[in-house]
Every structure is written in structure tokens, then in C-alpha cells.
$ cat structure_7.txt   # compact mmCIF, C-alpha atoms and all ligand atoms
# COMPACT_ATOMS: atom_id res chain seq x y z
CA MET A 1 95.32 69.88 114.93
CA ASP A 2 93.38 72.01 117.32
CA VAL A 3 95.01 74.15 119.96
CA LEU A 4 92.14 76.47 120.81
CA THR A 5 89.66 76.07 123.62
CA PRO A 6 85.99 76.57 122.63
CA GLU A 7 86.06 79.94 124.41
CA GLN A 8 89.07 81.08 122.43
CA ARG A 9 87.50 79.87 119.23
CA SER A 10 84.25 81.69 119.80
CA HIS A 11 86.21 84.81 120.71
CA ASN A 12 88.23 84.45 117.50
CA MET A 13 85.13 83.95 115.39
CA ARG A 14 83.53 87.03 116.88
CA SER A 15 86.56 89.16 116.20
CA ILE A 16 86.82 87.81 112.67
CA ARG A 17 83.18 88.49 111.95
CA SER A 18 83.32 91.99 113.36
CA ARG A 19 86.07 92.82 110.92
CA GLY A 20 84.09 91.98 107.82
CA ASN A 21 87.12 90.74 105.93
CA ALA A 22 86.97 87.11 106.89
CA SER A 23 87.34 85.43 103.52
CA THR A 24 90.48 87.34 102.55
CA GLU A 25 92.03 86.68 105.96
CA LEU A 26 91.22 83.00 105.75
CA ALA A 27 92.70 82.83 102.25
CA VAL A 28 95.92 84.35 103.60
CA ALA A 29 95.99 81.89 106.52
CA ALA A 30 95.45 78.98 104.12
CA GLU A 31 98.34 80.12 101.86
CA LEU A 32 100.66 80.54 104.86
CA ARG A 33 99.91 76.98 105.90
CA ARG A 34 100.21 75.65 102.37
CA HIS A 35 103.64 77.25 102.03
CA ARG A 36 104.65 76.00 105.47
CA LEU A 37 105.21 79.49 106.79
CA SER A 38 104.86 79.18 110.52
CA GLY A 39 105.46 81.13 113.68
CA TRP A 40 102.52 83.47 113.23
CA ARG A 41 99.73 84.25 115.63
CA ARG A 42 96.33 85.69 115.00
CA HIS A 43 94.56 88.59 116.69
CA MET A 44 97.23 89.49 119.17
CA PRO A 45 96.25 92.35 121.47
CA LEU A 46 98.43 94.89 119.66
CA PRO A 47 97.53 98.38 118.41
CA GLY A 48 95.17 98.08 115.45
CA ARG A 49 94.70 94.36 116.09
CA PRO A 50 96.87 93.07 113.26
CA ASP A 51 95.42 90.08 111.41
CA PHE A 52 98.67 88.16 111.73
CA TYR A 53 101.71 88.67 113.89
CA PHE A 54 105.15 87.09 113.65
CA PRO A 55 106.58 87.51 117.17
CA THR A 56 110.15 86.42 116.30
CA GLN A 57 110.49 89.03 113.56
CA ARG A 58 108.19 91.49 115.31
CA LEU A 59 106.19 91.89 112.12
CA ALA A 60 102.49 92.74 112.11
CA ILE A 61 100.44 91.88 109.04
CA PHE A 62 97.25 93.70 108.10
CA VAL A 63 94.96 92.21 105.51
CA HIS A 64 93.17 95.22 104.10
CA GLY A 65 89.96 95.20 102.15
CA CYS A 66 90.56 97.41 99.10
CA TYR A 67 87.34 99.32 99.54
CA TRP A 68 87.33 100.13 103.25
CA HIS A 69 91.00 100.95 103.45
CA GLY A 70 91.02 103.01 100.29
CA CYS A 71 93.40 100.94 98.18
CA SER A 72 94.95 103.30 95.64
CA ARG A 73 94.64 100.67 92.93
CA CYS A 74 91.01 99.69 93.24
CA GLY A 75 89.41 101.44 96.22
CA ALA A 76 88.41 104.75 94.71
CA GLY A 77 86.98 103.20 91.56
CA ARG A 78 84.43 101.34 93.61
CA LEU A 79 82.97 104.35 95.43
CA PRO A 80 79.18 104.24 95.27
CA THR A 81 77.60 106.95 93.16
CA THR A 82 75.24 108.07 95.92
CA ASN A 83 76.54 109.68 99.11
CA ARG A 84 79.97 109.85 97.59
CA GLU A 85 81.21 112.44 100.06
CA TYR A 86 80.07 110.35 103.00
CA TRP A 87 81.93 107.26 101.83
CA ARG A 88 84.98 109.21 100.81
CA GLU A 89 85.15 110.70 104.30
CA LYS A 90 84.65 107.31 105.95
CA ILE A 91 87.43 105.71 103.92
CA LEU A 92 89.70 108.66 104.62
CA THR A 93 89.06 108.19 108.35
CA ASN A 94 90.05 104.53 108.02
CA ARG A 95 93.22 105.43 106.17
CA ARG A 96 94.20 107.95 108.84
CA ARG A 97 93.59 105.36 111.54
CA ASP A 98 95.70 102.82 109.62
CA GLU A 99 98.53 105.34 109.47
CA ARG A 100 98.27 106.10 113.20
CA VAL A 101 98.36 102.39 113.99
CA ARG A 102 101.44 101.90 111.80
CA ARG A 103 103.22 104.73 113.61
CA ARG A 104 102.31 103.34 117.04
CA LEU A 105 103.62 99.91 116.11
CA ARG A 106 106.80 101.33 114.59
CA ARG A 107 107.47 103.25 117.81
CA ALA A 108 107.06 99.97 119.69
CA GLY A 109 109.70 98.40 117.42
CA ILE A 110 107.18 96.40 115.42
CA GLY A 111 107.26 96.38 111.63
CA THR A 112 104.10 96.38 109.57
CA MET A 113 103.10 95.00 106.22
CA VAL A 114 99.80 95.38 104.39
CA ILE A 115 98.44 92.61 102.22
CA TRP A 116 95.73 94.01 99.96
CA GLU A 117 92.58 92.12 99.13
CA HIS A 118 93.29 92.45 95.40
CA GLU A 119 96.71 90.82 95.84
CA VAL A 120 95.14 87.83 97.57
CA ARG A 121 92.47 87.55 94.88
CA ARG A 122 95.05 87.57 92.10
CA GLY A 123 97.42 84.98 93.48
CA THR A 124 100.36 84.71 95.82
CA SER A 125 102.74 87.50 94.80
CA TRP A 126 102.37 88.88 98.33
CA LEU A 127 104.07 85.75 99.66
CA GLY A 128 107.39 86.80 98.14
CA ARG A 129 107.12 90.19 99.76
CA LEU A 130 106.31 88.59 103.10
CA GLY A 131 109.19 86.12 102.78
CA ARG A 132 111.62 88.98 102.22
CA ARG A 133 110.29 90.90 105.21
CA LEU A 134 110.58 87.83 107.39
CA SER A 135 114.19 87.07 106.42
CA ALA A 136 115.12 90.72 106.92
CA GLY A 137 113.51 90.56 110.37
CA ARG A 138 115.51 87.48 111.29
CA ALA A 139 118.79 89.09 110.30
CA ARG A 140 118.23 92.02 112.65
ZN ZN B 1 93.12 96.94 95.78

$ encode --input "structure_7.txt" --output "C-alpha cells" --more "lines below"
Ligand SMILES: [Zn+2]
Amino acid sequence: MDVLTPEQRSHNMRSIRSRGNASTELAVAAELRRHRLSGWRRHMPLPGRPDFYFPTQRLAIFVHGCYWHGCSRCGAGRLPTTNREYWREKILTNRRRDERVRRRLRRAGIGTMVIWEHEVRRGTSWLGRLGRRLSAGRAR
């Protein structure tokens, strides 16, 4: 089933590519479909351009690469040995931006959830977390 015009598709592909996290995002999209979780949209023009958005529950999902977003579980361990300070600063800047985006969305009455790359690699435990957030959103 195809609901996108070619223009929309090429726009989507560009925005996916520019994010450099395409495979993790696509894995998340595939799992959502496989588990028949619907009602989500991609790349809505919201602060921080969330990867997925559930309009009914007003929940924005960010799929974060562990490295670039400084995952506390695996990000720091993967810092390159050269130019360490440079990378550390860059990742810190990303984390600050992520936090600003979360605050902006919260003020707009939109909840946020981060799905980490390592969670997607290891399986589908994030799906349970998402399911709980979605049912909580519906109850509101
Ligand atoms: Zn991680």
C-alpha cells in the first residue's frame, strides 16, 4: 500500500538520509507494522523533527543513535581516541539540543519517548515501553 506521492517520498528519503540513522528508524517502523501498531506518522513538522509521532496520544518518538546522542550505556565507550575533546563537545551539544527539544514539546502538551539504537539492535523490549506510553496517552 502506497499513500505517498513521488514528491513526498523523495522528500522523506532526503530527510531520512540527512539524519544518518536510517537503518535503526526503518527497523523501528518495521516492528511497529509487524506488531500492528498503527496511528503513527513520520517526520511531522514538530520541534526536533521526531522520527515518529502518534497524534491521538500526542506522543513524539525519537530514535537515537547511541553514539551521536551520547547514550549513557554505550555512547561514551565508543568515543574515538583521537580528538576526544572535540567529539565529547559535539555529543554534549547534541544532548543539550535533545533536552531543549523535549522541553519545547512538553510545553506544547506533547509527550516524548526515546528509543535507543542499542534497544532496537537487541530486540523489541522497547515495544512494551511504547505500548504502556500509548495506553496511558489514550486514558488522558
Ligand atoms: Zn546505547

$ residues_near_ligand --input "structure_7.txt" --ligand "ligand ZN 1 (chain B)" --cutoff "9 Å" --atoms "all atoms listed in the file" --output "list in words"
His64, Gly65, Cys66, Tyr67, His69, Gly70, Cys71, Ser72, Arg73, Cys74, Gly75, Trp116, Glu117, His118 and Glu119 of chain A

$ write_last_selection --input "structure_7.txt" --atoms "C-alpha atoms" --output "PDB file, keeping the file's coordinate frame"
ATOM      1  CA  HIS A  64      93.170  95.220 104.100  1.00  0.00           C
ATOM      2  CA  GLY A  65      89.960  95.200 102.150  1.00  0.00           C
ATOM      3  CA  CYS A  66      90.560  97.410  99.100  1.00  0.00           C
ATOM      4  CA  TYR A  67      87.340  99.320  99.540  1.00  0.00           C
ATOM      5  CA  HIS A  69      91.000 100.950 103.450  1.00  0.00           C
ATOM      6  CA  GLY A  70      91.020 103.010 100.290  1.00  0.00           C
ATOM      7  CA  CYS A  71      93.400 100.940  98.180  1.00  0.00           C
ATOM      8  CA  SER A  72      94.950 103.300  95.640  1.00  0.00           C
ATOM      9  CA  ARG A  73      94.640 100.670  92.930  1.00  0.00           C
ATOM     10  CA  CYS A  74      91.010  99.690  93.240  1.00  0.00           C
ATOM     11  CA  GLY A  75      89.410 101.440  96.220  1.00  0.00           C
ATOM     12  CA  TRP A 116      95.730  94.010  99.960  1.00  0.00           C
ATOM     13  CA  GLU A 117      92.580  92.120  99.130  1.00  0.00           C
ATOM     14  CA  HIS A 118      93.290  92.450  95.400  1.00  0.00           C
ATOM     15  CA  GLU A 119      96.710  90.820  95.840  1.00  0.00           C
TER      16      GLU A 119
END

$ atom_distance --input "structure_7.txt" --atom1 "atom CA of A:Leu26" --atom2 "atom CA of A:Tyr86"
29.7 Å

$ atom_distance --input "structure_7.txt" --atom1 "atom CA of A:Gly48" --atom2 "atom CA of A:Met113"
12.6 Å

$ atom_distance --input "structure_7.txt" --atom1 "atom CA of A:Trp68" --atom2 "atom CA of A:Ile91"
5.6 Å

$ closest_residue --input "structure_7.txt" --among "A:Gly109, A:Gly131, A:Gly39, A:Gly123" --to "A:Thr56" --atoms "only C-alpha atoms"
A:Gly39

$ closest_residue --input "structure_7.txt" --among "A:Asn83, A:Gln57, A:Ser38, A:Thr24" --to "A:Ile110" --atoms "all atoms listed in the file"
A:Gln57

$ residues_around --input "structure_7.txt" --residues "A:Leu46" --least-positions-apart "3" --cutoff "9 Å" --atoms "only C-alpha atoms" --output "list in words"
His43, Arg49, Pro50, Ala60 and Leu105 of chain A

$ closest_atom_pairs --input "structure_7.txt" --of "stretch 24-118 of chain A" --to "stretch 124-129 of chain A" --cutoff "10 Å" --atoms "all atoms listed in the file" --output "CSV"
residue,atom,partner,partner_atom,distance
A:Val28,CA,A:Thr124,CA,9.0
A:Glu31,CA,A:Thr124,CA,7.9
A:Leu32,CA,A:Leu127,CA,8.1
A:His35,CA,A:Leu127,CA,8.8
A:Leu37,CA,A:Leu127,CA,9.6
A:Met113,CA,A:Arg129,CA,9.0
A:Val114,CA,A:Trp126,CA,9.3
A:Ile115,CA,A:Trp126,CA,6.7
A:Trp116,CA,A:Trp126,CA,8.5
